[in-house]
Structure formats: C-alpha cells, structure tokens
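Participant: Handing over my_file33.pdb, PDB, C-alpha atoms, pLDDT in the B column.
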ATOM      1  CA  MET A   1     -50.073 -11.787  95.255  1.00 52.00           C
ATOM      2  CA  ARG A   2     -52.975 -10.271  97.170  1.00 53.00           C
ATOM      3  CA  ARG A   3     -53.278  -7.532  94.560  1.00 54.00           C
ATOM      4  CA  THR A   4     -53.560 -10.091  91.794  1.00 48.00           C
ATOM      5  CA  PHE A   5     -56.342 -11.938  93.607  1.00 47.00           C
ATOM      6  CA  LEU A   6     -58.094  -8.678  94.372  1.00 44.00           C
ATOM      7  CA  ALA A   7     -57.948  -7.600  90.728  1.00 47.00           C
ATOM      8  CA  LEU A   8     -59.216 -11.001  89.544  1.00 46.00           C
ATOM      9  CA  SER A   9     -62.024 -11.063  92.096  1.00 52.00           C
ATOM     10  CA  VAL A  10     -63.219  -7.662  90.864  1.00 47.00           C
ATOM     11  CA  LEU A  11     -62.755  -8.233  87.111  1.00 47.00           C
ATOM     12  CA  ALA A  12     -63.995 -11.819  86.799  1.00 47.00           C
ATOM     13  CA  PRO A  13     -67.684 -11.067  87.561  1.00 47.00           C
ATOM     14  CA  LEU A  14     -67.596  -8.153  85.115  1.00 43.00           C
ATOM     15  CA  MET A  15     -66.195 -10.331  82.353  1.00 46.00           C
ATOM     16  CA  VAL A  16     -68.764 -13.085  82.950  1.00 45.00           C
ATOM     17  CA  SER A  17     -71.696 -10.676  83.051  1.00 45.00           C
ATOM     18  CA  GLY A  18     -70.519  -9.068  79.795  1.00 46.00           C
ATOM     19  CA  VAL A  19     -70.523 -12.446  78.033  1.00 46.00           C
ATOM     20  CA  ALA A  20     -73.878 -13.459  79.473  1.00 47.00           C
ATOM     21  CA  SER A  21     -75.573 -10.223  78.395  1.00 48.00           C
ATOM     22  CA  ALA A  22     -74.490 -10.508  74.745  1.00 58.00           C
ATOM     23  CA  ASP A  23     -77.686 -11.804  73.100  1.00 60.00           C
ATOM     24  CA  PRO A  24     -77.148 -13.292  69.659  1.00 73.00           C
ATOM     25  CA  ALA A  25     -79.477 -12.206  66.869  1.00 79.00           C
ATOM     26  CA  PRO A  26     -82.521 -14.469  66.480  1.00 87.00           C
ATOM     27  CA  GLN A  27     -81.803 -17.091  63.830  1.00 94.00           C
ATOM     28  CA  GLY A  28     -83.716 -19.237  61.400  1.00 96.00           C
ATOM     29  CA  THR A  29     -82.565 -21.413  58.528  1.00 97.00           C
ATOM     30  CA  LEU A  30     -82.561 -21.154  54.770  1.00 97.00           C
ATOM     31  CA  THR A  31     -82.743 -24.407  52.823  1.00 97.00           C
ATOM     32  CA  ALA A  32     -82.059 -24.423  49.089  1.00 96.00           C
ATOM     33  CA  TRP A  33     -83.679 -27.291  47.179  1.00 95.00           C
ATOM     34  CA  THR A  34     -82.293 -28.199  43.755  1.00 94.00           C
ATOM     35  CA  PHE A  35     -84.234 -30.644  41.619  1.00 94.00           C
ATOM     36  CA  THR A  36     -85.187 -31.630  38.083  1.00 92.00           C
ATOM     37  CA  GLY A  37     -88.250 -33.162  36.480  1.00 82.00           C
ATOM     38  CA  ARG A  38     -91.945 -33.255  37.279  1.00 76.00           C
ATOM     39  CA  GLU A  39     -91.339 -35.876  39.921  1.00 79.00           C
ATOM     40  CA  PRO A  40     -88.480 -34.086  41.647  1.00 86.00           C
ATOM     41  CA  VAL A  41     -85.099 -35.740  41.289  1.00 91.00           C
ATOM     42  CA  PRO A  42     -82.322 -34.115  43.379  1.00 94.00           C
ATOM     43  CA  VAL A  43     -79.567 -32.163  41.636  1.00 93.00           C
ATOM     44  CA  ASN A  44     -76.153 -32.561  43.259  1.00 92.00           C
ATOM     45  CA  ARG A  45     -73.294 -29.987  43.340  1.00 93.00           C
ATOM     46  CA  ALA A  46     -75.154 -26.777  42.486  1.00 94.00           C
ATOM     47  CA  ASP A  47     -73.423 -23.733  44.032  1.00 96.00           C
ATOM     48  CA  ILE A  48     -75.776 -21.151  45.553  1.00 97.00           C
ATOM     49  CA  GLU A  49     -74.820 -17.728  46.917  1.00 97.00           C
ATOM     50  CA  VAL A  50     -76.926 -16.022  49.585  1.00 98.00           C
ATOM     51  CA  THR A  51     -76.975 -12.220  50.002  1.00 97.00           C
ATOM     52  CA  PRO A  52     -79.107  -9.900  52.138  1.00 97.00           C
ATOM     53  CA  CYS A  53     -81.884  -8.205  50.116  1.00 96.00           C
ATOM     54  CA  ASP A  54     -80.532  -4.729  50.852  1.00 92.00           C
ATOM     55  CA  ALA A  55     -76.844  -5.512  50.162  1.00 92.00           C
ATOM     56  CA  LYS A  56     -74.802  -7.475  47.678  1.00 88.00           C
ATOM     57  CA  GLN A  57     -72.137  -9.011  49.930  1.00 95.00           C
ATOM     58  CA  VAL A  58     -72.311 -12.806  49.988  1.00 97.00           C
ATOM     59  CA  VAL A  59     -73.119 -14.070  53.496  1.00 97.00           C
ATOM     60  CA  ALA A  60     -73.163 -17.781  52.621  1.00 97.00           C
ATOM     61  CA  THR A  61     -72.197 -20.087  49.775  1.00 97.00           C
ATOM     62  CA  LEU A  62     -74.066 -23.374  49.673  1.00 97.00           C
ATOM     63  CA  VAL A  63     -73.449 -26.549  47.680  1.00 96.00           C
ATOM     64  CA  SER A  64     -76.369 -28.911  47.183  1.00 96.00           C
ATOM     65  CA  GLY A  65     -75.761 -32.444  48.370  1.00 96.00           C
ATOM     66  CA  ALA A  66     -76.841 -35.813  47.024  1.00 95.00           C
ATOM     67  CA  ASP A  67     -80.351 -35.135  48.359  1.00 96.00           C
ATOM     68  CA  GLY A  68     -80.489 -31.830  46.434  1.00 95.00           C
ATOM     69  CA  ARG A  69     -80.499 -29.759  49.622  1.00 97.00           C
ATOM     70  CA  ALA A  70     -78.200 -27.277  51.316  1.00 97.00           C
ATOM     71  CA  THR A  71     -79.034 -25.494  54.573  1.00 97.00           C
ATOM     72  CA  VAL A  72     -77.531 -22.557  56.452  1.00 97.00           C
ATOM     73  CA  ALA A  73     -78.462 -20.799  59.712  1.00 96.00           C
ATOM     74  CA  LEU A  74     -78.961 -17.042  59.242  1.00 96.00           C
ATOM     75  CA  PRO A  75     -80.122 -14.094  61.329  1.00 96.00           C
ATOM     76  CA  ALA A  76     -83.769 -13.219  60.745  1.00 96.00           C
ATOM     77  CA  GLY A  77     -84.251 -11.028  57.661  1.00 96.00           C
ATOM     78  CA  CYS A  78     -84.725 -10.849  53.911  1.00 97.00           C
ATOM     79  CA  TYR A  79     -82.279 -12.771  51.673  1.00 98.00           C
ATOM     80  CA  GLU A  80     -81.769 -13.576  48.012  1.00 97.00           C
ATOM     81  CA  ALA A  81     -80.434 -16.962  46.912  1.00 97.00           C
ATOM     82  CA  LYS A  82     -78.960 -17.372  43.437  1.00 96.00           C
ATOM     83  CA  VAL A  83     -77.455 -20.368  41.644  1.00 96.00           C
ATOM     84  CA  VAL A  84     -73.949 -19.414  40.502  1.00 95.00           C
ATOM     85  CA  THR A  85     -72.665 -22.786  39.283  1.00 92.00           C
ATOM     86  CA  VAL A  86     -74.888 -25.201  37.386  1.00 89.00           C
ATOM     87  CA  PRO A  87     -73.800 -28.873  37.349  1.00 88.00           C
ATOM     88  CA  GLY A  88     -72.662 -30.247  33.979  1.00 86.00           C
ATOM     89  CA  GLY A  89     -75.426 -31.400  31.668  1.00 85.00           C
ATOM     90  CA  CYS A  90     -78.030 -29.202  33.405  1.00 89.00           C
ATOM     91  CA  GLY A  91     -79.635 -25.847  32.755  1.00 90.00           C
ATOM     92  CA  LEU A  92     -81.469 -23.626  35.218  1.00 91.00           C
ATOM     93  CA  ALA A  93     -85.164 -23.053  34.395  1.00 86.00           C
ATOM     94  CA  VAL A  94     -85.269 -19.556  35.985  1.00 87.00           C
ATOM     95  CA  THR A  95     -82.049 -17.591  36.433  1.00 89.00           C
ATOM     96  CA  GLU A  96     -83.424 -14.832  38.677  1.00 93.00           C
ATOM     97  CA  PRO A  97     -82.541 -14.917  42.413  1.00 95.00           C
ATOM     98  CA  VAL A  98     -85.139 -16.341  44.793  1.00 96.00           C
ATOM     99  CA  ARG A  99     -86.155 -13.894  47.549  1.00 97.00           C
ATOM    100  CA  VAL A 100     -87.020 -15.399  50.945  1.00 97.00           C
ATOM    101  CA  THR A 101     -87.690 -14.107  54.444  1.00 97.00           C
ATOM    102  CA  VAL A 102     -85.941 -15.967  57.249  1.00 97.00           C
ATOM    103  CA  ALA A 103     -87.814 -15.783  60.566  1.00 96.00           C
ATOM    104  CA  ALA A 104     -86.411 -16.778  63.951  1.00 95.00           C
ATOM    105  CA  GLY A 105     -86.878 -20.465  64.698  1.00 94.00           C
ATOM    106  CA  THR A 106     -88.287 -21.339  61.255  1.00 95.00           C
ATOM    107  CA  GLU A 107     -87.054 -22.696  57.932  1.00 96.00           C
ATOM    108  CA  ALA A 108     -87.318 -20.645  54.734  1.00 97.00           C
ATOM    109  CA  ARG A 109     -87.060 -22.522  51.446  1.00 97.00           C
ATOM    110  CA  ALA A 110     -85.666 -21.515  48.053  1.00 97.00           C
ATOM    111  CA  ASP A 111     -86.491 -23.912  45.200  1.00 95.00           C
ATOM    112  CA  PHE A 112     -84.388 -24.171  42.040  1.00 95.00           C
ATOM    113  CA  ARG A 113     -85.654 -26.280  39.135  1.00 94.00           C
ATOM    114  CA  PHE A 114     -83.145 -27.587  36.615  1.00 93.00           C
ATOM    115  CA  GLY A 115     -83.459 -29.260  33.265  1.00 89.00           C
ATOM    116  CA  CYS A 116     -80.824 -31.982  32.952  1.00 84.00           C
ATOM    117  CA  ALA A 117     -79.918 -34.235  30.050  1.00 74.00           C
TER     118      ALA A 117
END
Kindly present the structure from the file in structure tokens form.

Facilitator:
Amino acid sequence: MRRTFLALSVLAPLMVSGVASADPAPQGTLTAWTFTGREPVPVNRADIEVTPCDAKQVVATLVSGADGRATVALPAGCYEAKVVTVPGGCGLAVTEPVRVTVAAGTEARADFRFGCA
C-alpha cells in the first residue's frame, strides 16, 4: 500500500504539470454569411466546407442557419471557404472559394451572395 501511495505522490505532480503546460494554438473564428438581394436577405441551409489554404483536407463543414450565418472556431491561419451545397431555387453568384485569414481572438468573415427565385 505504501508503494502505491509513493508512486502516486511522485507521478501525480508530473501528470498535472504536463497537462498545464500544453498550450492550445491561438484561435479565432470564421463566420460564413449567406445572403441574397441588394438588401441582404439570409439564405438558410447552404453547406460550406473550410480547408486550410495550403492543404485540401476539410477541417470544418458549416451549414448556414435561419439568420444566414454559420461560425466555427479555428486555429489562427489562412483558410478557404467554399459553398458545396446550394439551397433549392438558388444559384451562387461567384463559385470560387473565399480566402480569409483567421487571427487569434478575432472574427474573419466569408460572404456568399446567392440569387434565389
């Protein structure tokens, strides 16, 4: 029993200090805005994929809500957001990905304009 307590008393501080020293990467947010018209009207249910600028693996998939927005927290860096599913009755004005830079503690914004019937 004493050996168990001795082992725990030695290992426990090491485990706690290892967790405390693991600093997460600085994060910011990316908000995708989907809208239509000159006076913006929100577009609901648009699917948006987010990839790092230097890679093509998808790091987040967003779905715009009733307010036309979708937000995700991401590590600081360069990202591309692209609409992959357009809601029925709508067309995307520009089909190219939107490139944004996410900075720690800030919000980056990617706007997508639709034409809807």

Participant: Any idea what the distance is between atom CA of A:Thr36 and atom CA of A:Thr71?

Facilitator: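 Interatomic distance here is 18.6 Å.
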
Participant: Enter the distance from atom CA of A:Gly65 to atom CA of A:Ala103, in Å, rounded to one decimal.

Facilitator: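 Computed distance, atom CA of A:Gly65 to atom CA of A:Ala103, equals 23.9 Å.
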
Participant: For A:Ala25, please output as an mmCIF file with C-alpha atoms, in the coordinates of the input all residues within 9 Å (counting only C-alpha atoms; exclusion window: fewer than 5 positions along the same chain).

Facilitator:
data_model
loop_
_atom_site.group_PDB
_atom_site.id
_atom_site.type_symbol
_atom_site.label_atom_id
_atom_site.label_comp_id
_atom_site.auth_asym_id
_atom_site.auth_seq_id
_atom_site.Cartn_x
_atom_site.Cartn_y
_atom_site.Cartn_z
ATOM 1 C CA PRO A 75 -80.122 -14.094 61.329
ATOM 2 C CA ALA A 76 -83.769 -13.219 60.745
ATOM 3 C CA ALA A 104 -86.411 -16.778 63.951
#

Participant: Under the rule that only C-alpha atoms are counted, which of A:Cys116, A:Cys53, A:Val59, A:Ala32 is the nearest residue to A:Ala93?

Facilitator: A:Cys116

Participant: Tell me which of A:Pro42, A:Pro26, A:Gly37, A:Pro52 sits closest to A:Pro87, counting only C-alpha atoms.

Facilitator: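 The shortest atom-to-atom distance to A:Pro87 comes from A:Pro42.
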
Participant: Return the single residue from A:Val86, A:Val102, A:Ala110, A:Leu30 that is closest to A:Ala60, with distances computed using all atoms listed in the file.

Facilitator: A:Leu30

Participant: Could you jot down the atom CA of A:Thr61 to atom CA of A:Phe114 separation for me, Å, one decimal place?

Facilitator: 18.7 Å

Participant: Which residues come within 7 Å of A:Trp33, counting all atoms listed in the file, excluding same-chain residues fewer than 6 positions away, as a compact mmCIF listing (two decimals) with C-alpha atoms, in the frame of the given file?

Facilitator:
# COMPACT_ATOMS: atom_id res chain seq x y z
CA GLY A 68 -80.49 -31.83 46.43
CA ARG A 69 -80.50 -29.76 49.62
CA ALA A 70 -78.20 -27.28 51.32
CA ALA A 110 -85.67 -21.52 48.05
CA ASP A 111 -86.49 -23.91 45.20
CA PHE A 112 -84.39 -24.17 42.04

Participant: Identify which of the residues A:Val100, A:Val83, A:Leu74, A:Leu92 lies closest to A:Gln27, counting all atoms listed in the file when measuring atom-to-atom distances.

Facilitator: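 Closest to A:Gln27 of all the choices is A:Leu74.
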
Participant: Restricting the calculation to only C-alpha atoms, which member of A:Val63, A:Val58, A:Ala117, A:Cys78 is positioned closest to A:Gly91?

Facilitator: A:Ala117

Participant: From the list A:Gln57, A:Thr85, A:Thr51, A:Thr101, which residue is nearest A:Thr34 when using only C-alpha atoms?

Facilitator: A:Thr85

Participant: Evaluated on this file, the PyMOL selection byres ((chain A and resi 73) around 6) picks out some residues - which ones are they, written as a list in words?

Facilitator: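 Written out, the selection comes to Gly28, Thr29, Val72 and Leu74 of chain A.
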
Participant: For those residues, write C-alpha atoms to a file as a PDB file, keeping the file's coordinate frame.

Facilitator:
ATOM      1  CA  GLY A  28     -83.716 -19.237  61.400  1.00 96.00           C
ATOM      2  CA  THR A  29     -82.565 -21.413  58.528  1.00 97.00           C
ATOM      3  CA  VAL A  72     -77.531 -22.557  56.452  1.00 97.00           C
ATOM      4  CA  LEU A  74     -78.961 -17.042  59.242  1.00 96.00           C
TER       5      LEU A  74
END
